[in-house]
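Dumped entry38.csv below, it's CSV, C-alpha atoms and all ligand atoms:
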```csv
chain,number,residue,atom,x,y,z
A,162,MET,CA,16.9,-10.7,-22.4
A,163,ILE,CA,14.3,-10.9,-19.7
A,164,ARG,CA,12.8,-14.2,-18.5
A,165,ILE,CA,9.1,-14.1,-18.0
A,166,LYS,CA,7.6,-17.0,-16.0
A,167,ARG,CA,4.1,-18.4,-16.5
A,168,ASN,CA,1.3,-19.3,-14.2
A,169,ILE,CA,2.8,-18.2,-10.9
A,170,VAL,CA,0.6,-18.4,-7.8
A,171,LEU,CA,0.0,-14.9,-6.4
A,172,ALA,CA,-1.1,-16.1,-3.0
A,173,SER,CA,2.5,-16.9,-2.2
A,174,ARG,CA,3.6,-13.4,-3.4
A,175,VAL,CA,1.3,-11.2,-1.2
A,176,ARG,CA,0.8,-10.8,2.5
A,177,TYR,CA,-2.9,-11.7,2.4
A,178,ARG,CA,-2.0,-15.2,1.1
A,179,ILE,CA,-5.0,-15.0,-1.2
A,180,GLY,CA,-5.0,-15.0,-5.0
A,181,GLY,CA,-4.9,-17.3,-8.1
A,182,ARG,CA,-2.2,-17.4,-10.8
A,183,ALA,CA,-0.7,-14.6,-12.8
A,184,ARG,CA,-0.5,-15.7,-16.5
A,185,TYR,CA,2.9,-14.0,-16.7
A,186,PHE,CA,5.2,-13.1,-13.9
A,187,PHE,CA,8.5,-11.3,-13.8
A,188,GLU,CA,11.0,-10.1,-11.2
A,189,PRO,CA,12.9,-7.1,-12.6
A,190,GLN,CA,16.3,-6.6,-11.1
A,191,ASN,CA,16.8,-3.1,-12.4
A,192,PRO,CA,15.1,-0.2,-14.3
A,193,ASP,CA,16.3,-1.7,-17.7
A,194,ASP,CA,14.4,-4.9,-16.9
A,195,ILE,CA,11.3,-2.9,-16.1
A,196,GLU,CA,11.5,-1.0,-19.4
A,197,GLU,CA,11.9,-4.2,-21.3
A,198,ALA,CA,9.0,-5.9,-19.5
A,199,VAL,CA,6.7,-2.9,-20.0
A,200,TYR,CA,7.6,-2.8,-23.7
A,201,TRP,CA,7.0,-6.6,-23.9
A,202,ALA,CA,3.5,-6.2,-22.4
A,203,ILE,CA,2.5,-3.0,-24.3
A,204,SER,CA,3.6,-4.4,-27.6
A,205,ARG,CA,1.5,-7.6,-27.0
A,206,ASN,CA,-1.4,-5.7,-25.6
A,207,VAL,CA,-1.0,-7.6,-22.3
A,208,PRO,CA,-2.3,-5.9,-19.2
A,209,PHE,CA,0.3,-5.5,-16.5
A,210,LEU,CA,0.6,-4.4,-12.9
A,211,PHE,CA,3.5,-3.8,-10.5
A,212,LEU,CA,3.9,-5.1,-7.0
A,213,GLY,CA,6.2,-4.2,-4.2
A,214,ALA,CA,6.0,-6.7,-1.3
A,215,GLY,CA,2.3,-7.2,-1.8
A,216,THR,CA,1.3,-6.0,1.7
A,217,ASN,CA,-1.5,-3.8,0.5
A,218,VAL,CA,-3.1,-5.9,-2.2
A,219,LEU,CA,-6.0,-8.3,-2.6
A,220,PHE,CA,-6.1,-10.6,-5.6
A,221,PRO,CA,-9.1,-12.8,-6.6
A,222,GLU,CA,-8.8,-16.6,-6.9
A,223,THR,CA,-9.1,-16.1,-10.7
A,224,GLY,CA,-5.7,-14.5,-10.5
A,225,PHE,CA,-4.5,-12.0,-13.1
A,226,ASP,CA,-4.7,-12.6,-16.8
A,227,GLY,CA,-1.7,-10.5,-17.6
A,228,LEU,CA,1.8,-9.7,-16.4
A,229,VAL,CA,2.6,-9.1,-12.7
A,230,MET,CA,6.0,-7.6,-12.0
A,231,GLN,CA,7.5,-7.7,-8.5
A,232,TYR,CA,10.5,-5.6,-8.1
A,233,ALA,CA,13.6,-7.3,-6.7
A,234,ALA,CA,16.1,-4.4,-6.6
A,235,THR,CA,17.2,-3.5,-3.0
A,236,GLU,CA,20.3,-1.4,-3.5
A,237,ILE,CA,21.1,1.2,-0.8
A,238,ARG,CA,23.5,4.0,-1.6
A,239,GLU,CA,24.6,7.1,0.3
A,240,VAL,CA,24.3,10.4,-1.4
A,241,PRO,CA,25.3,13.7,0.4
A,242,GLY,CA,22.5,14.6,2.8
A,243,SER,CA,20.4,11.6,1.8
A,244,ILE,CA,20.1,7.9,1.1
A,245,ARG,CA,19.0,6.5,-2.2
A,246,PHE,CA,16.9,3.3,-2.0
A,247,SER,CA,16.0,1.1,-4.9
A,248,ALA,CA,12.2,0.9,-4.8
A,249,GLY,CA,12.2,-2.8,-3.9
A,250,THR,CA,14.0,-2.2,-0.6
A,251,PRO,CA,11.9,-3.4,2.3
A,252,MET,CA,10.9,-0.4,4.5
A,253,ALA,CA,12.1,-2.4,7.5
A,254,ARG,CA,15.6,-2.5,5.9
A,255,ALA,CA,15.4,1.3,5.2
A,256,VAL,CA,14.4,2.0,8.8
A,257,ASP,CA,17.2,-0.3,10.1
A,258,TYR,CA,19.7,1.5,7.9
A,259,PHE,CA,18.7,4.9,9.5
A,260,THR,CA,18.5,3.5,13.0
A,261,GLU,CA,21.9,1.8,12.9
A,262,ARG,CA,23.5,5.1,11.9
A,263,GLY,CA,21.4,7.2,14.3
A,264,MET,CA,19.9,9.2,11.4
A,265,GLN,CA,16.6,11.0,11.7
A,266,GLY,CA,13.9,10.9,9.0
A,267,LEU,CA,12.3,7.4,9.0
A,268,ALA,CA,11.7,6.6,12.7
A,269,TRP,CA,7.9,7.1,12.2
A,270,ALA,CA,8.0,4.1,9.9
A,271,GLY,CA,9.1,1.6,12.5
A,272,GLY,CA,7.3,-1.7,11.8
A,273,LEU,CA,5.7,-0.4,8.5
A,274,PRO,CA,5.5,-3.4,6.1
A,275,GLY,CA,6.1,-3.3,2.4
A,276,THR,CA,8.8,-1.7,0.2
A,277,VAL,CA,10.0,1.9,-0.2
A,278,GLY,CA,8.4,2.0,-3.7
A,279,GLY,CA,5.1,0.8,-2.3
A,280,ALA,CA,5.2,3.4,0.5
A,281,VAL,CA,5.8,6.2,-2.1
A,282,PHE,CA,3.0,5.0,-4.3
A,283,GLY,CA,0.4,5.3,-1.6
A,284,ASN,CA,2.1,7.9,0.6
A,285,ALA,CA,2.2,5.4,3.5
A,286,GLY,CA,1.9,6.9,6.9
A,287,CYS,CA,1.6,6.2,10.6
A,288,PHE,CA,2.3,7.6,14.0
A,289,GLY,CA,1.9,11.2,12.7
A,290,GLY,CA,4.4,10.7,9.8
A,291,GLU,CA,4.1,10.1,6.1
A,292,ILE,CA,6.7,9.1,3.5
A,293,LYS,CA,6.1,12.5,1.9
A,294,ASP,CA,7.9,14.1,4.8
A,295,SER,CA,11.0,12.1,4.2
A,296,VAL,CA,11.2,12.1,0.3
A,297,LEU,CA,13.6,14.4,-1.5
A,298,GLU,CA,13.3,12.9,-5.0
A,299,VAL,CA,11.7,9.9,-6.8
A,300,GLU,CA,13.0,8.1,-9.9
A,301,SER,CA,10.3,6.5,-12.0
A,302,ILE,CA,9.4,5.1,-15.4
A,303,SER,CA,6.4,6.5,-17.2
A,304,PHE,CA,4.7,4.7,-20.1
A,305,ASP,CA,2.0,5.4,-22.6
A,306,ARG,CA,0.1,2.4,-23.7
A,307,ALA,CA,-1.2,4.1,-26.8
A,308,THR,CA,2.2,5.1,-28.3
A,309,GLY,CA,4.4,2.6,-26.5
A,310,ARG,CA,6.6,5.5,-25.3
A,311,ILE,CA,8.5,4.6,-22.1
A,312,GLU,CA,10.5,7.3,-20.3
A,313,ARG,CA,12.6,7.7,-17.2
A,314,ARG,CA,11.8,10.6,-14.9
A,315,VAL,CA,13.1,12.2,-11.7
A,316,ARG,CA,10.4,14.0,-9.7
A,317,SER,CA,11.0,16.3,-6.7
A,318,ALA,CA,8.8,15.7,-3.7
A,319,THR,CA,6.5,18.5,-4.8
A,320,ASP,CA,6.2,16.9,-8.2
A,321,CYS,CA,5.0,13.7,-6.6
A,322,ARG,CA,1.8,15.5,-5.6
A,323,PHE,CA,1.5,13.6,-2.3
A,324,GLY,CA,-1.8,13.6,-0.4
A,325,TYR,CA,-3.5,11.4,2.1
A,326,ARG,CA,-2.6,7.9,0.8
A,327,GLU,CA,-2.2,9.6,-2.6
A,328,SER,CA,0.5,10.4,-5.0
A,329,VAL,CA,1.0,11.1,-8.7
A,330,PHE,CA,2.0,7.5,-9.1
A,331,LYS,CA,-1.4,6.3,-8.1
A,332,GLN,CA,-3.2,8.4,-10.7
A,333,PRO,CA,-4.8,6.7,-13.8
A,334,ASP,CA,-1.7,7.3,-15.9
A,335,GLY,CA,0.6,6.2,-13.0
A,336,GLU,CA,4.3,5.6,-13.1
A,337,ILE,CA,6.5,2.8,-11.8
A,338,VAL,CA,8.8,4.0,-8.9
A,339,THR,CA,12.3,2.7,-9.4
A,340,ALA,CA,14.3,4.5,-6.6
A,341,VAL,CA,13.7,7.0,-3.8
A,342,LEU,CA,16.0,9.6,-2.3
A,343,ILE,CA,15.2,10.0,1.4
A,344,ARG,CA,16.5,13.0,3.4
A,345,ALA,CA,18.9,11.9,6.2
A,346,THR,CA,19.9,14.2,9.0
A,347,PRO,CA,22.1,13.3,12.0
A,348,GLY,CA,20.0,12.5,15.1
A,349,ASN,CA,20.3,11.2,18.6
A,350,PRO,CA,20.9,7.5,18.1
A,351,ALA,CA,19.3,6.4,21.3
A,352,ALA,CA,16.2,8.6,20.7
A,353,VAL,CA,15.9,7.2,17.2
A,354,ARG,CA,16.2,3.6,18.5
A,355,ILE,CA,13.6,4.2,21.2
A,356,GLU,CA,11.1,5.8,18.8
A,357,VAL,CA,11.4,2.9,16.3
A,358,ALA,CA,11.1,0.2,19.0
A,359,GLY,CA,8.1,2.0,20.4
A,360,HIS,CA,6.3,1.9,17.1
A,361,ILE,CA,7.1,-1.7,16.5
A,362,GLU,CA,5.9,-2.6,20.0
A,363,HIS,CA,2.7,-0.6,19.5
A,364,ARG,CA,1.9,-2.6,16.4
A,365,ARG,CA,2.6,-5.9,18.2
A,366,ARG,CA,0.2,-4.9,21.0
A,367,PHE,CA,-2.7,-3.4,18.9
A,368,HIS,CA,-2.5,-4.9,15.4
A,369,PRO,CA,-3.5,-8.6,14.6
A,370,LEU,CA,-0.1,-9.5,13.3
A,371,ASP,CA,-0.7,-13.2,13.8
A,372,TYR,CA,-2.9,-13.4,10.8
A,373,PRO,CA,-2.4,-12.3,7.2
A,374,SER,CA,-4.0,-9.0,6.2
A,375,ALA,CA,-3.4,-6.0,4.0
A,376,GLY,CA,-3.2,-3.6,6.9
A,377,SER,CA,-6.0,-1.0,7.3
A,378,THR,CA,-8.8,-1.9,5.0
A,379,PHE,CA,-10.3,1.6,4.8
A,380,LYS,CA,-8.8,5.1,4.9
A,381,ASN,CA,-9.7,7.1,8.0
A,382,ILE,CA,-12.6,9.5,7.7
A,383,PRO,CA,-11.8,13.2,7.3
A,384,LEU,CA,-13.7,15.1,10.0
A,385,ALA,CA,-14.6,17.8,7.6
A,386,SER,CA,-16.6,15.2,5.5
A,387,VAL,CA,-19.1,14.2,8.1
A,388,SER,CA,-22.3,15.7,9.6
A,389,GLU,CA,-22.4,17.7,12.8
A,390,GLU,CA,-24.2,14.8,14.4
A,391,VAL,CA,-21.5,12.3,13.5
A,392,ARG,CA,-18.8,14.7,14.7
A,393,GLY,CA,-20.6,14.9,18.0
A,394,ASP,CA,-20.9,11.1,18.2
A,395,PHE,CA,-17.2,10.5,17.6
A,396,ALA,CA,-15.8,13.7,19.3
A,397,GLU,CA,-13.8,11.8,21.9
A,398,VAL,CA,-11.9,9.7,19.3
A,399,VAL,CA,-11.0,12.3,16.8
A,400,LYS,CA,-7.2,12.3,16.0
A,401,VAL,CA,-5.0,14.6,14.0
A,402,ASP,CA,-3.0,12.1,11.9
A,403,PRO,CA,-2.2,13.6,9.4
A,404,PHE,CA,-5.2,16.0,9.7
A,405,PRO,CA,-8.4,15.8,11.8
A,406,ILE,CA,-10.0,12.3,11.2
A,407,ILE,CA,-12.4,9.9,12.7
A,408,PRO,CA,-10.6,6.5,12.9
A,409,VAL,CA,-12.5,3.9,10.9
A,410,ALA,CA,-11.7,1.4,13.6
A,411,ALA,CA,-13.9,3.4,16.0
A,412,VAL,CA,-16.8,3.5,13.5
A,413,LEU,CA,-16.6,-0.3,12.8
A,414,ASP,CA,-16.4,-0.9,16.6
A,415,ARG,CA,-19.6,1.2,17.2
A,416,LEU,CA,-21.3,-0.7,14.4
A,417,GLY,CA,-20.7,-3.9,16.4
A,418,LEU,CA,-18.6,-5.4,13.6
A,419,LYS,CA,-15.6,-6.6,15.7
A,420,GLY,CA,-15.1,-10.3,15.2
A,421,THR,CA,-17.7,-10.6,12.4
A,422,ARG,CA,-16.8,-13.5,10.1
A,423,ILE,CA,-17.6,-14.5,6.5
A,424,GLY,CA,-16.1,-17.8,5.6
A,425,GLY,CA,-12.4,-17.6,6.5
A,426,ALA,CA,-12.3,-13.8,6.8
A,427,GLU,CA,-12.8,-11.8,10.0
A,428,ILE,CA,-13.1,-8.2,11.0
A,429,SER,CA,-10.4,-8.3,13.6
A,430,ALA,CA,-11.5,-8.0,17.2
A,431,LYS,CA,-8.1,-6.6,18.1
A,432,HIS,CA,-8.2,-3.8,15.5
A,433,PRO,CA,-11.4,-3.8,13.4
A,434,ASN,CA,-9.9,-1.9,10.4
A,435,PHE,CA,-7.8,-5.0,9.8
A,436,PHE,CA,-9.8,-7.6,7.9
A,437,ILE,CA,-7.8,-10.8,8.5
A,438,ASN,CA,-7.4,-14.1,6.7
A,439,ARG,CA,-8.0,-16.8,9.4
A,440,GLY,CA,-6.5,-19.4,7.1
A,441,LYS,CA,-8.8,-20.2,4.2
A,442,ALA,CA,-10.3,-16.8,3.4
A,443,THR,CA,-11.2,-16.1,-0.2
A,444,PHE,CA,-11.4,-12.9,-2.2
A,445,THR,CA,-15.2,-13.2,-1.9
A,446,ASP,CA,-15.1,-13.6,1.9
A,447,ILE,CA,-13.0,-10.4,2.3
A,448,SER,CA,-15.1,-8.5,-0.3
A,449,GLY,CA,-18.2,-9.6,1.5
A,450,LEU,CA,-16.9,-8.1,4.8
A,451,ILE,CA,-15.9,-4.9,2.9
A,452,SER,CA,-19.4,-4.5,1.4
A,453,LEU,CA,-21.0,-5.2,4.8
A,454,ALA,CA,-18.9,-2.6,6.6
A,455,LYS,CA,-19.6,0.0,3.8
A,456,THR,CA,-23.3,-0.6,3.8
A,457,MET,CA,-23.6,-0.4,7.6
A,458,ALA,CA,-21.5,2.8,7.8
A,459,TRP,CA,-23.6,4.4,5.2
A,460,GLN,CA,-26.9,3.3,6.7
A,461,ARG,CA,-26.1,4.4,10.2
A,462,TYR,CA,-23.8,7.4,9.7
A,463,ARG,CA,-24.1,8.4,6.1
A,464,VAL,CA,-20.4,7.9,5.9
A,465,VAL,CA,-18.7,6.6,2.7
A,466,LEU,CA,-15.9,4.3,3.6
A,467,GLU,CA,-13.1,4.4,1.0
A,468,GLU,CA,-10.8,1.3,0.6
A,469,GLU,CA,-7.1,1.9,1.4
A,470,ILE,CA,-6.2,-1.6,0.2
A,471,ARG,CA,-5.7,-2.2,-3.5
A,472,ILE,CA,-8.2,-4.6,-4.9
A,473,VAL,CA,-7.4,-6.4,-8.2
A,474,ASP,CA,-10.6,-7.4,-10.0
A,475,GLY,CA,-9.9,-10.4,-12.1
A,476,ALA,CA,-13.0,-10.0,-14.1
A,477,THR,CA,-12.0,-6.6,-15.5
A,478,LEU,CA,-8.3,-6.9,-15.0
A,479,ALA,CA,-8.5,-3.7,-13.1
A,480,ILE,CA,-6.5,-2.7,-10.1
A,481,GLY,CA,-8.6,-0.3,-8.1
A,482,GLY,CA,-9.8,-0.2,-4.6
A,483,GLU,CA,-11.1,3.3,-4.5
A,484,ASN,CA,-14.6,1.8,-4.1
A,485,LEU,CA,-15.7,-1.8,-4.6
A,486,ASP,CA,-18.8,-0.4,-6.3
A,487,LYS,CA,-16.7,1.5,-8.8
A,488,ARG,CA,-14.4,-1.3,-9.6
A,489,ARG,CA,-14.7,-0.8,-13.3
A,490,PHE,CA,-12.2,2.1,-12.9
A,491,VAL,CA,-8.9,1.1,-14.5
A,492,PRO,CA,-5.9,3.1,-13.2
A,493,GLY,CA,-2.6,3.2,-15.1
A,494,ILE,CA,-0.7,0.4,-13.6
A,495,SER,CA,-3.1,-2.3,-14.5
B,1,LIG,C1,0.2,-5.6,9.1
B,1,LIG,C2,0.1,-4.4,8.2
B,1,LIG,C3,0.3,-3.1,8.7
B,1,LIG,C4,0.2,-2.0,7.9
B,1,LIG,N1,0.4,-0.7,8.4
B,1,LIG,C5,0.3,0.3,7.6
B,1,LIG,C6,0.5,1.7,8.1
B,1,LIG,O1,0.6,1.9,9.3
B,1,LIG,N2,0.4,2.7,7.2
B,1,LIG,C7,0.2,2.5,5.9
B,1,LIG,O2,0.2,3.5,5.2
B,1,LIG,N3,0.1,1.3,5.4
B,1,LIG,C8,0.2,0.2,6.2
B,1,LIG,N4,0.0,-1.0,5.7
B,1,LIG,C9,-0.2,-1.2,4.2
B,1,LIG,C10,1.1,-1.4,3.4
B,1,LIG,O3,2.1,-2.0,4.2
B,1,LIG,C11,1.6,-0.1,2.8
B,1,LIG,O4,0.7,0.4,2.0
B,1,LIG,C12,2.9,-0.4,2.0
B,1,LIG,O5,3.5,0.9,1.8
B,1,LIG,C13,2.7,-1.1,0.7
B,1,LIG,O6,3.9,-1.4,0.2
B,1,LIG,P1,4.1,-2.7,-0.7
B,1,LIG,O7,5.5,-2.7,-1.3
B,1,LIG,O8,3.8,-4.0,0.0
B,1,LIG,O9,3.1,-2.4,-1.9
B,1,LIG,P2,2.2,-3.5,-2.6
B,1,LIG,O10,1.2,-4.0,-1.7
B,1,LIG,O11,3.0,-4.5,-3.4
B,1,LIG,O12,1.4,-2.6,-3.7
B,1,LIG,C14,0.5,-1.6,-3.2
B,1,LIG,C15,0.2,-0.7,-4.4
B,1,LIG,O13,1.4,0.0,-4.7
B,1,LIG,C16,1.8,-0.2,-6.1
B,1,LIG,N5,3.2,-0.3,-6.1
B,1,LIG,C17,4.0,-1.0,-5.3
B,1,LIG,N6,5.3,-0.8,-5.6
B,1,LIG,C18,5.3,0.1,-6.6
B,1,LIG,C19,6.3,0.8,-7.4
B,1,LIG,N7,7.6,0.6,-7.1
B,1,LIG,N8,6.0,1.6,-8.3
B,1,LIG,C20,4.6,1.9,-8.6
B,1,LIG,N9,3.7,1.3,-7.9
B,1,LIG,C21,4.0,0.4,-6.9
B,1,LIG,C22,1.1,-1.5,-6.5
B,1,LIG,O14,0.8,-1.4,-7.9
B,1,LIG,C23,-0.2,-1.4,-5.7
B,1,LIG,O15,-1.2,-0.7,-6.4
B,1,LIG,C24,0.1,-2.2,6.5
B,1,LIG,C25,0.0,-3.5,6.0
B,1,LIG,C26,0.0,-4.6,6.8
B,1,LIG,C27,-0.1,-5.9,6.3
```
Would you kindly transcribe this structure into structure tokens?
Ligand SMILES: Cc1cc2nc3c(=O)[nH]c(=O)nc-3n(C[C@H](O)[C@H](O)[C@H](O)COP(=O)(O)OP(=O)(O)OC[C@H]3O[C@@H](n4cnc5c(N)ncnc54)[C@H](O)[C@@H]3O)c2cc1C
Amino acid sequence: MIRIKRNIVLASRVRYRIGGRARYFFEPQNPDDIEEAVYWAISRNVPFLFLGAGTNVLFPETGFDGLVMQYAATEIREVPGSIRFSAGTPMARAVDYFTERGMQGLAWAGGLPGTVGGAVFGNAGCFGGEIKDSVLEVESISFDRATGRIERRVRSATDCRFGYRESVFKQPDGEIVTAVLIRATPGNPAAVRIEVAGHIEHRRRFHPLDYPSAGSTFKNIPLASVSEEVRGDFAEVVKVDPFPIIPVAAVLDRLGLKGTRIGGAEISAKHPNFFINRGKATFTDISGLISLAKTMAWQRYRVVLEEEIRIVDGATLAIGGENLDKRRFVPGIS
């Protein structure tokens, strides 16, 4: 029998420290709990969404008039050639597990916040790596709101249809990730340790980690999507990570947006793709900065900035984030 709580403050559950109450809140301990909670919600026609560590999400002050689930399972198990992580395992713990054993496969993720499940959902990546390069298999739960059918699945990495911050789990009829099998190969322990420490140090130096944020606000801009003129303007900052891109941070910098504030929110001067909460930022403050950046990028460079963070719109009970202006879009886990 699952125990669903009521009126839980979401600000204390997410890294941004912004957000009102969830009408219903539940911390599943295992896939059985998830199935039961999904059934509970579907059979009562209650909207629901799933959270990992909440490091990539922005909730409104009006909260979420439905069920929020935050996965508490953190089991780690060795399987020949790989390690199986419950989806609620913090990435930091997964990286430590590999590092302590001198195993290759996750060093790129040194300092990546969030859970293993959250990383798979958005194909998280950094320093030239992406979770898709490490995944062997993903266990998930699919559901059909219309029929109430709930099914367990196992997907190969190819079946996950990973792309740039994309996966099959992020599609409108998404699935809940319950466990992830990560390939583990013996490596040079010292080299693994040094790589992980280097990434953590890079983040400390260049990211505004003293303030709450949801990481990079926008996805980087595929070079292929911009005009010749814009390519020329940004030629010296183009990076191949994971394909040729213009870093959004460079665009926001050129637009003079570093340090711009609305209310308690700020476009970080340290790294302008991080929109930080200086203490009392609201959903409206952050959304205002997002709209400002999008408008200016469009007006100056005819570039459409696409949100990487997941924005939950309390008015429509949608979890979206593809585009603030298209927030009426309601993907599966919502
Ligand atoms: C300081 C900072 C630095 C960051 N740096 C990076 C970076 O370098 N690269 C990068 O890619 N991201 C980065 N991020 C963003 C974030 O950490 C990642 O996207 C992370 O993978 C999100 O994991 P999470 O568990 O916190 O997911 P949450 O924020 O809880 O959820 C994000 C989305 O994933 C879905 N989700 C979460 N868990 C599951 C699950 N088990 N099944 C189905 N759906 C699920 C949620 O519904 C939501 O839509 C950074 C964030 C911060 C705050």
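For the pair CA of Leu384 in chain A and CA of Val465 in chain A, the separation is 12.3 Å.
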Dump the neighbourhood of ligand LIG 1 (chain B) as a PDB file with C-alpha atoms, in the coordinates of the input: all residues within 6 Å, distances computed on all atoms listed in the file.
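Produced file out_32.pdb, reproduced below:
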```
ATOM      1  CA  LEU A 210       0.600  -4.400 -12.900  1.00  0.00           C
ATOM      2  CA  PHE A 211       3.500  -3.800 -10.500  1.00  0.00           C
ATOM      3  CA  LEU A 212       3.900  -5.100  -7.000  1.00  0.00           C
ATOM      4  CA  GLY A 213       6.200  -4.200  -4.200  1.00  0.00           C
ATOM      5  CA  ALA A 214       6.000  -6.700  -1.300  1.00  0.00           C
ATOM      6  CA  GLY A 215       2.300  -7.200  -1.800  1.00  0.00           C
ATOM      7  CA  THR A 216       1.300  -6.000   1.700  1.00  0.00           C
ATOM      8  CA  ASN A 217      -1.500  -3.800   0.500  1.00  0.00           C
ATOM      9  CA  VAL A 218      -3.100  -5.900  -2.200  1.00  0.00           C
ATOM     10  CA  ALA A 248      12.200   0.900  -4.800  1.00  0.00           C
ATOM     11  CA  LEU A 273       5.700  -0.400   8.500  1.00  0.00           C
ATOM     12  CA  PRO A 274       5.500  -3.400   6.100  1.00  0.00           C
ATOM     13  CA  GLY A 275       6.100  -3.300   2.400  1.00  0.00           C
ATOM     14  CA  THR A 276       8.800  -1.700   0.200  1.00  0.00           C
ATOM     15  CA  GLY A 278       8.400   2.000  -3.700  1.00  0.00           C
ATOM     16  CA  GLY A 279       5.100   0.800  -2.300  1.00  0.00           C
ATOM     17  CA  ALA A 280       5.200   3.400   0.500  1.00  0.00           C
ATOM     18  CA  PHE A 282       3.000   5.000  -4.300  1.00  0.00           C
ATOM     19  CA  ALA A 285       2.200   5.400   3.500  1.00  0.00           C
ATOM     20  CA  GLY A 286       1.900   6.900   6.900  1.00  0.00           C
ATOM     21  CA  CYS A 287       1.600   6.200  10.600  1.00  0.00           C
ATOM     22  CA  GLU A 336       4.300   5.600 -13.100  1.00  0.00           C
ATOM     23  CA  ILE A 337       6.500   2.800 -11.800  1.00  0.00           C
ATOM     24  CA  VAL A 338       8.800   4.000  -8.900  1.00  0.00           C
ATOM     25  CA  THR A 339      12.300   2.700  -9.400  1.00  0.00           C
ATOM     26  CA  LEU A 370      -0.100  -9.500  13.300  1.00  0.00           C
ATOM     27  CA  SER A 374      -4.000  -9.000   6.200  1.00  0.00           C
ATOM     28  CA  ALA A 375      -3.400  -6.000   4.000  1.00  0.00           C
ATOM     29  CA  GLY A 376      -3.200  -3.600   6.900  1.00  0.00           C
ATOM     30  CA  ARG A 471      -5.700  -2.200  -3.500  1.00  0.00           C
TER      31      ARG A 471
END
```
| query | Which is closest to Tyr232 in chain A among A:Thr250, A:Ser388, A:Gln332, A:Asn438, if we use only C-alpha atoms? | reply | A:Thr250
| said: Restricting the calculation to all atoms listed in the file: of A:Ile169, A:Ile437, A:Val299, A:Val473, which residue gets closest to Asp371 in chain A? | reply: A:Ile437
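When all atoms listed in the file are used to measure the gap to Thr443 in chain A, the shortest distance among A:Glu222, A:Pro189, A:Pro405, A:Met162 belongs to A:Glu222.
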| note | Expressed in Å, the length from CA of Ala411 in chain A to CA of Gly290 in chain A is 20.7 Å
| With all atoms listed in the file as the basis for distance, which of A:Thr378, A:Gln265, A:Asn191, A:Ser429 is at the shortest distance from Ala234 in chain A? | A:Asn191
Neighbours of Phe246 in chain A within 8 Å (all atoms listed in the file; same-chain residues fewer than 2 positions away dropped), as a PDB file with C-alpha atoms, keeping the file's coordinate frame?
```pdb
ATOM      1  CA  THR A 235      17.200  -3.500  -3.000  1.00  0.00           C
ATOM      2  CA  GLU A 236      20.300  -1.400  -3.500  1.00  0.00           C
ATOM      3  CA  ILE A 237      21.100   1.200  -0.800  1.00  0.00           C
ATOM      4  CA  ARG A 238      23.500   4.000  -1.600  1.00  0.00           C
ATOM      5  CA  ILE A 244      20.100   7.900   1.100  1.00  0.00           C
ATOM      6  CA  ALA A 248      12.200   0.900  -4.800  1.00  0.00           C
ATOM      7  CA  GLY A 249      12.200  -2.800  -3.900  1.00  0.00           C
ATOM      8  CA  THR A 250      14.000  -2.200  -0.600  1.00  0.00           C
ATOM      9  CA  ALA A 255      15.400   1.300   5.200  1.00  0.00           C
ATOM     10  CA  VAL A 277      10.000   1.900  -0.200  1.00  0.00           C
ATOM     11  CA  ALA A 340      14.300   4.500  -6.600  1.00  0.00           C
ATOM     12  CA  VAL A 341      13.700   7.000  -3.800  1.00  0.00           C
ATOM     13  CA  LEU A 342      16.000   9.600  -2.300  1.00  0.00           C
ATOM     14  CA  ILE A 343      15.200  10.000   1.400  1.00  0.00           C
TER      15      ILE A 343
END
```
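Taking CA of Ser247 in chain A and CA of Arg313 in chain A as the two end points, the separation is 14.4 Å.
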| request: Please check which residues have atoms at most 10 Å from (-23.0, 1.9, 2.1) in the file's coordinates, counting only C-alpha atoms, and write them as number ranges by chain. | output: A: 451-466, 486
| request: Would you kindly return, as a ChimeraX atom specification, each protein, DNA or RNA residue with an atom no farther than 7 Å from any atom of Glu188 in chain A, considering all atoms listed in the file and excluding same-chain residues fewer than 3 positions away? | output: /A:230-233
Selection file, C-alpha atoms, as a tab-separated table (two decimals), keeping the file's coordinate frame:
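File produced: out-v6.tsv:
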```
chain	number	residue	atom	x	y	z
A	230	MET	CA	6.00	-7.60	-12.00
A	231	GLN	CA	7.50	-7.70	-8.50
A	232	TYR	CA	10.50	-5.60	-8.10
A	233	ALA	CA	13.60	-7.30	-6.70
```
| query | Hey, can you pull every residue with an atom no more than 6 Å from (11.7, 7.0, 5.3), using all atoms listed in the file, and send it as a PyMOL selection string? | reply | chain A and resi 266-267+292+295
Store the residues picked out above in a file with C-alpha atoms, as a PDB file, in the frame of the given file.
```pdb
ATOM      1  CA  GLY A 266      13.900  10.900   9.000  1.00  0.00           C
ATOM      2  CA  LEU A 267      12.300   7.400   9.000  1.00  0.00           C
ATOM      3  CA  ILE A 292       6.700   9.100   3.500  1.00  0.00           C
ATOM      4  CA  SER A 295      11.000  12.100   4.200  1.00  0.00           C
TER       5      SER A 295
END
```
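Distances here use all atoms listed in the file; by that measure, the residue among A:Glu312, A:Asp402, A:Asp226, A:Glu291 closest to Leu171 in chain A is A:Asp226.
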